[in-house]
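Shown here: input07.txt, compact mmCIF, C-alpha atoms and all ligand atoms.
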# COMPACT_ATOMS: atom_id res chain seq x y z
CA MET Y 117 -15.93 -27.51 -8.42
CA LEU Y 118 -13.08 -27.97 -10.92
CA ALA Y 119 -14.77 -25.55 -13.26
CA GLU Y 120 -14.98 -22.95 -10.48
CA ILE Y 121 -11.29 -23.37 -9.62
CA LYS Y 122 -10.34 -22.91 -13.27
CA ALA Y 123 -12.63 -19.88 -13.58
CA GLN Y 124 -11.02 -18.22 -10.57
CA LEU Y 125 -7.52 -18.88 -11.87
CA LYS Y 126 -8.54 -17.48 -15.26
CA ALA Y 127 -9.96 -14.37 -13.57
CA HIS Y 128 -6.68 -13.96 -11.66
CA CYS Y 129 -4.67 -14.15 -14.89
CA GLU Y 130 -6.95 -11.63 -16.59
CA VAL Y 131 -6.41 -9.14 -13.76
CA MET Y 132 -2.64 -9.64 -13.93
CA THR Y 133 -2.67 -9.05 -17.69
CA ALA Y 134 -4.78 -5.91 -17.28
CA LEU Y 135 -2.32 -4.61 -14.66
CA GLY Y 136 0.51 -4.74 -17.19
CA GLY Y 137 -1.48 -2.68 -19.66
CA GLU Y 138 -3.17 -0.11 -17.47
CA LEU Y 139 -1.01 0.31 -14.39
CA SER Y 140 2.64 -0.02 -15.45
CA PRO Y 141 3.22 3.78 -15.67
CA ALA Y 142 1.62 4.32 -12.24
CA ILE Y 143 3.73 1.51 -10.74
CA GLN Y 144 6.81 3.24 -12.18
CA SER Y 145 5.72 6.49 -10.50
CA ALA Y 146 5.24 4.69 -7.19
CA VAL Y 147 8.79 3.31 -7.44
CA SER Y 148 10.10 6.83 -8.13
CA PHE Y 149 8.26 8.20 -5.07
CA VAL Y 150 9.74 5.55 -2.77
CA VAL Y 151 13.27 5.76 -4.22
CA ALA Y 152 13.28 9.56 -3.91
CA ALA Y 153 12.09 9.34 -0.30
CA TYR Y 154 14.78 6.83 0.68
CA LYS Y 155 17.51 8.85 -1.09
CA ALA Y 156 16.41 11.90 0.91
CA GLY Y 157 16.55 10.01 4.21
CA ASN Y 158 12.78 9.66 4.55
CA LYS Y 159 10.69 6.59 5.34
CA LEU Y 160 7.63 4.61 4.30
CA LEU Y 161 4.38 4.24 6.29
CA VAL Y 162 1.87 1.62 5.09
CA MET Y 163 -1.66 0.75 6.24
CA GLY Y 164 -4.79 -1.24 5.43
CA ASN Y 165 -7.55 -3.32 7.06
CA GLY Y 166 -7.91 -7.11 7.12
CA GLY Y 167 -6.15 -8.72 4.15
CA SER Y 168 -4.76 -5.31 3.27
CA ALA Y 169 -3.21 -5.06 6.75
CA ALA Y 170 -1.38 -8.30 5.93
CA ASP Y 171 -0.24 -6.75 2.64
CA ALA Y 172 0.96 -3.62 4.46
CA GLN Y 173 2.96 -5.74 6.89
CA HIS Y 174 4.38 -7.83 4.05
CA PHE Y 175 5.53 -4.69 2.16
CA VAL Y 176 7.20 -3.26 5.28
CA ALA Y 177 8.95 -6.55 6.06
CA GLU Y 178 10.52 -6.58 2.58
CA MET Y 179 11.89 -3.06 3.16
CA VAL Y 180 13.14 -3.46 6.74
CA GLY Y 181 14.48 -6.95 6.10
CA ARG Y 182 15.33 -7.54 2.47
CA PHE Y 183 13.64 -8.44 -0.79
CA LYS Y 184 16.30 -10.11 -2.96
CA LEU Y 185 19.48 -8.13 -2.29
CA GLU Y 186 21.82 -7.92 0.67
CA ARG Y 187 21.72 -4.23 1.54
CA ARG Y 188 21.14 -1.82 4.43
CA ALA Y 189 17.78 -1.84 6.21
CA LEU Y 190 15.23 0.59 4.78
CA PRO Y 191 12.93 2.41 7.24
CA ALA Y 192 9.26 1.41 6.97
CA ILE Y 193 6.39 1.07 9.47
CA ALA Y 194 3.10 -0.84 9.18
CA LEU Y 195 0.45 1.12 11.07
CA HIS Y 196 -1.75 -1.77 12.30
CA THR Y 197 0.77 -3.88 14.20
CA ASP Y 198 0.75 -2.26 17.67
CA THR Y 199 -2.35 -3.51 19.50
CA SER Y 200 -1.88 -1.10 22.40
CA ILE Y 201 -2.00 1.88 20.03
CA LEU Y 202 -4.95 0.41 18.12
CA THR Y 203 -6.96 -0.23 21.28
CA ALA Y 204 -6.07 3.08 22.93
CA VAL Y 205 -6.73 5.26 19.90
CA GLY Y 206 -9.73 3.16 18.82
CA ASN Y 207 -11.22 3.35 22.29
CA ASP Y 208 -10.48 7.00 22.97
CA TYR Y 209 -10.88 8.60 19.53
CA GLY Y 210 -12.70 5.99 17.41
CA PHE Y 211 -11.66 3.35 14.87
CA ASP Y 212 -11.55 5.92 12.09
CA ARG Y 213 -8.57 7.59 13.79
CA ILE Y 214 -6.35 4.50 14.34
CA PHE Y 215 -4.11 5.29 11.38
CA SER Y 216 -4.33 9.08 11.18
CA ARG Y 217 -3.17 9.43 14.79
CA GLN Y 218 -0.07 7.38 13.95
CA VAL Y 219 0.57 9.45 10.85
CA GLU Y 220 0.47 12.54 13.10
CA ALA Y 221 2.96 10.81 15.42
CA HIS Y 222 5.41 9.36 12.90
CA ALA Y 223 5.16 11.08 9.52
CA ALA Y 224 7.60 13.73 8.36
CA GLN Y 225 7.60 15.89 5.26
CA GLY Y 226 8.88 13.83 2.32
CA ASP Y 227 7.83 10.46 3.72
CA VAL Y 228 5.77 8.19 1.47
CA VAL Y 229 2.47 7.06 3.00
CA VAL Y 230 0.71 4.12 1.34
CA GLY Y 231 -2.94 3.20 1.96
CA ILE Y 232 -4.32 -0.13 0.76
CA SER Y 233 -8.09 -0.55 0.35
CA THR Y 234 -9.96 -2.80 -2.07
CA SER Y 235 -13.12 -0.66 -1.90
CA GLY Y 236 -11.29 2.64 -1.66
CA ASN Y 237 -13.79 3.60 1.01
CA SER Y 238 -12.27 2.71 4.40
CA PRO Y 239 -12.52 5.91 6.49
CA ASN Y 240 -9.52 5.09 8.69
CA VAL Y 241 -7.27 4.76 5.62
CA GLN Y 242 -8.71 7.88 4.00
CA LEU Y 243 -8.30 10.07 7.09
CA ALA Y 244 -4.68 8.98 7.46
CA LEU Y 245 -3.90 9.70 3.81
CA GLU Y 246 -5.51 13.13 4.08
CA ALA Y 247 -3.49 13.86 7.23
CA ALA Y 248 -0.31 12.69 5.51
CA ARG Y 249 -0.88 14.88 2.49
CA GLY Y 250 -1.48 17.85 4.79
CA MET Y 251 1.89 17.16 6.44
CA GLY Y 252 3.79 17.24 3.15
CA CYS Y 253 4.07 13.49 2.60
CA ARG Y 254 3.64 11.88 -0.81
CA THR Y 255 0.60 9.64 -0.77
CA ILE Y 256 -0.02 6.46 -2.74
CA ALA Y 257 -3.19 4.32 -2.60
CA LEU Y 258 -3.58 0.74 -3.81
CA LEU Y 259 -7.29 0.47 -4.59
CA GLY Y 260 -9.87 -1.57 -6.51
CA LYS Y 261 -13.40 -1.32 -7.94
CA ASP Y 262 -13.99 2.35 -8.88
CA GLY Y 263 -11.26 3.59 -6.53
CA GLY Y 264 -13.87 4.81 -4.04
CA SER Y 265 -13.54 8.09 -2.19
CA ILE Y 266 -9.80 7.59 -1.53
CA ARG Y 267 -8.97 7.83 -5.23
CA SER Y 268 -9.35 11.60 -5.28
CA VAL Y 269 -7.47 12.39 -2.05
CA VAL Y 270 -4.04 10.91 -2.90
CA ASP Y 271 -1.15 11.95 -5.14
CA LEU Y 272 -0.99 8.55 -6.86
CA PRO Y 273 -3.98 6.16 -6.98
CA LEU Y 274 -3.33 2.65 -8.39
CA VAL Y 275 -6.74 1.09 -9.06
CA VAL Y 276 -6.66 -2.65 -9.82
CA PRO Y 277 -9.22 -3.18 -12.59
CA SER Y 278 -11.55 -5.69 -10.86
CA ASN Y 279 -14.69 -5.65 -8.71
CA ASP Y 280 -13.79 -8.87 -6.89
CA THR Y 281 -12.02 -8.30 -3.53
CA PRO Y 282 -9.71 -11.35 -3.61
CA ARG Y 283 -8.62 -10.64 -7.19
CA ILE Y 284 -7.97 -6.99 -6.20
CA GLN Y 285 -5.85 -8.14 -3.24
CA GLU Y 286 -3.88 -10.44 -5.54
CA GLY Y 287 -3.24 -7.43 -7.77
CA HIS Y 288 -2.09 -5.40 -4.76
CA ILE Y 289 0.47 -7.92 -3.55
CA THR Y 290 1.81 -8.32 -7.09
CA ILE Y 291 2.22 -4.54 -7.38
CA ILE Y 292 3.91 -4.46 -3.96
CA HIS Y 293 6.40 -7.14 -4.99
CA ILE Y 294 7.22 -5.29 -8.20
CA ILE Y 295 7.75 -2.05 -6.25
CA CYS Y 296 10.02 -3.84 -3.74
CA ASP Y 297 12.11 -5.35 -6.51
CA LEU Y 298 12.53 -2.11 -8.45
CA VAL Y 299 13.15 0.08 -5.38
CA GLU Y 300 15.87 -2.29 -4.21
CA ARG Y 301 17.53 -2.39 -7.61
CA GLN Y 302 17.31 1.38 -8.16
CA LEU Y 303 18.92 2.03 -4.79
CA PHE Y 304 21.53 -0.69 -4.62
CA VAL Y 305 22.44 -1.92 -8.15
CA LYS Y 306 24.81 0.34 -10.09
CA GLY Y 307 23.49 1.36 -13.52
CA GLU Y 308 19.80 0.60 -12.78
O1 LIG Y 401 -9.19 -10.14 3.13
C1 LIG Y 401 -10.36 -9.84 3.16
C2 LIG Y 401 -11.24 -10.20 2.04
O2 LIG Y 401 -10.54 -10.95 1.06
C3 LIG Y 401 -10.95 -9.04 4.29
O3 LIG Y 401 -10.22 -9.28 5.48
C4 LIG Y 401 -10.93 -7.54 3.97
O4 LIG Y 401 -9.59 -7.13 3.85
C5 LIG Y 401 -11.66 -6.73 5.06
O5 LIG Y 401 -13.04 -6.99 4.96
C6 LIG Y 401 -11.41 -5.22 4.97
O6 LIG Y 401 -12.02 -4.58 6.08
C7 LIG Y 401 -11.91 -4.58 3.68
O7 LIG Y 401 -11.54 -3.20 3.67
P1 LIG Y 401 -11.19 -2.45 2.31
O8 LIG Y 401 -10.28 -3.31 1.48
O9 LIG Y 401 -12.50 -2.18 1.61
O10 LIG Y 401 -10.52 -1.17 2.75
ZN ZN Y 402 -8.47 -11.72 1.56
Full structure transcribed into structure tokens:
Amino acid sequence: MLAEIKAQLKAHCEVMTALGGELSPAIQSAVSFVVAAYKAGNKLLVMGNGGSAADAQHFVAEMVGRFKLERRALPAIALHTDTSILTAVGNDYGFDRIFSRQVEAHAAQGDVVVGISTSGNSPNVQLALEAARGMGCRTIALLGKDGGSIRSVVDLPLVVPSNDTPRIQEGHITIIHIICDLVERQLFVKGE
């Protein structure tokens, strides 16, 4: 078992190292999207299923609450947290519409809409990102594996270079924390 633990930790470190090489420019672009949206008075909508729902909620909490700095609240909504909406829309329109319906309700031109999917193939995330793009939002997807079908429908795909779902999720939350840190500093620290 010890060997397995060490192998998993090694795999985690390899993914983190690969992120630095392959994804740093895309992470920088994601920060620019979010900073521009907040400067223009827009907001952030974030969604995902399962572990990625937890990541979406985590991201939004850092924005609405705070990451490291004392500053004003930043508007952000996680699209999986209202069980009445999920059950009503899921029941009446189907599970594939649970996020797109909320994008139709909440999104405005210039908002940033972020979809998180390790496979890149969750239809509910894809439909919402397509709806958001059609409404003039800027769309970002945190993906894994080959990026799936979502890769080609967003403005900015960030594909964590791994085929292993937990390692991809660890890449996603690391990217999210880096985005939170840089967005906060760009908006609230003079000279950044
Ligand atoms: O956290 C995990 C696996 O680590 C699961 O809950 C996982 O998020 C769920 O199976 C999701 O439904 C997978 O969807 P996706 O990442 O492919 O969009
Ligand atoms: Zn997980």
Next item on the list: For range 131-144 of chain Y, list every protein, DNA or RNA residue within 9 Å, evaluated using all atoms listed in the file, and leave out those in the same chain fewer than 6 positions away; present the list as a ChimeraX atom specification.
Entry: /Y:272-278,283-284,286-287,290-291,294-295,298
Selection near Val270 in chain Y, 9 Å with only C-alpha atoms, sequence-local residues under 4 positions removed, as a PDB file with C-alpha atoms, in the frame of the given file:
ATOM      1  CA  GLN Y 242      -8.710   7.880   4.000  1.00  0.00           C
ATOM      2  CA  LEU Y 245      -3.900   9.700   3.810  1.00  0.00           C
ATOM      3  CA  GLU Y 246      -5.510  13.130   4.080  1.00  0.00           C
ATOM      4  CA  ARG Y 249      -0.880  14.880   2.490  1.00  0.00           C
ATOM      5  CA  ARG Y 254       3.640  11.880  -0.810  1.00  0.00           C
ATOM      6  CA  THR Y 255       0.600   9.640  -0.770  1.00  0.00           C
ATOM      7  CA  ILE Y 256      -0.020   6.460  -2.740  1.00  0.00           C
ATOM      8  CA  ALA Y 257      -3.190   4.320  -2.600  1.00  0.00           C
ATOM      9  CA  ILE Y 266      -9.800   7.590  -1.530  1.00  0.00           C
TER      10      ILE Y 266
END
Notebook entry, point to check: Quick one, how far is CA of Gly236 in chain Y from atom C4 of ligand LIG 401 (chain Y)?
Noted result: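 So the answer is 11.6 Å.
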Next item on the list: Could you pull out the residues sitting within 10 Å of ligand LIG 401 (chain Y), using all atoms listed in the file, and write them as JSON, numbers by chain?
Entry: {"Y": [163, 164, 165, 166, 167, 168, 169, 170, 171, 231, 232, 233, 234, 235, 236, 237, 238, 239, 240, 241, 242, 258, 259, 260, 261, 264, 266, 280, 281, 282, 283, 284, 285, 286]}
Next item on the list: Would you mind telling me which residue in Y:Val162, Y:Val180, Y:Ile289, Y:Asp227 lies nearest to Phe215 in chain Y when using only C-alpha atoms?
Entry: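 For Phe215 in chain Y, the nearest of the candidates is Y:Val162.
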Next item on the list: Extract, using only C-alpha atoms, all DNA, RNA and protein residues at most 7 Å from range 299-308 of chain Y, discarding same-chain residues fewer than 3 positions from it, and format them as number ranges by chain.
Entry: Y: 147, 150-151, 295-296
Note to self: I'd like the interatomic distance between CA of Cys253 in chain Y and CA of Asp208 in chain Y, to a tenth of an Å.
What the structure shows: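 CA of Asp208 in chain Y lies 25.9 Å from CA of Cys253 in chain Y.
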Notebook entry, point to check: Can you list, as a ChimeraX atom specification, every protein, DNA or RNA residue that comes within 10 Å of Gly226 in chain Y when you count only C-alpha atoms, leaving out same-chain residues fewer than 3 positions away?
Noted result: /Y:149-150,152-154,156-160,223,229,248-249,251-255
Checklist line | Shortest interatomic distance to Ala244 in chain Y - which of Y:Arg267, Y:Arg213, Y:His222, Y:His128, counting only C-alpha atoms | finding: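 Of all the options, Y:Arg213 lies closest to Ala244 in chain Y.
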Check: Looking at Y:Ile214, Y:Leu161, Y:Ala224, Y:Ala172, which one is nearest to Pro191 in chain Y, with distances taken over all atoms listed in the file?
Finding: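 Nearest candidate to Pro191 in chain Y out of Y:Ile214, Y:Leu161, Y:Ala224, Y:Ala172: Y:Leu161.
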Next item on the list: Quick one: everything within 10 Å of Gly181 in chain Y, counting all atoms listed in the file, minus sequence neighbours fewer than 6 positions away in the same chain. Send it as a ChimeraX atom specification.
Entry: /Y:187-192
Margin query: With distances taken over all atoms listed in the file, which residue among Y:His196, Y:His288, Y:Lys126, Y:His293 lies nearest ligand ZN 402 (chain Y)?
Written below: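 Residue with the minimum atom-to-atom distance to ligand ZN 402 (chain Y): Y:His288.
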Check: At what distance in Å, to one decimal, does CA of Asp271 in chain Y lie from CA of Gly206 in chain Y?
Finding: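 The value is 26.9 Å.
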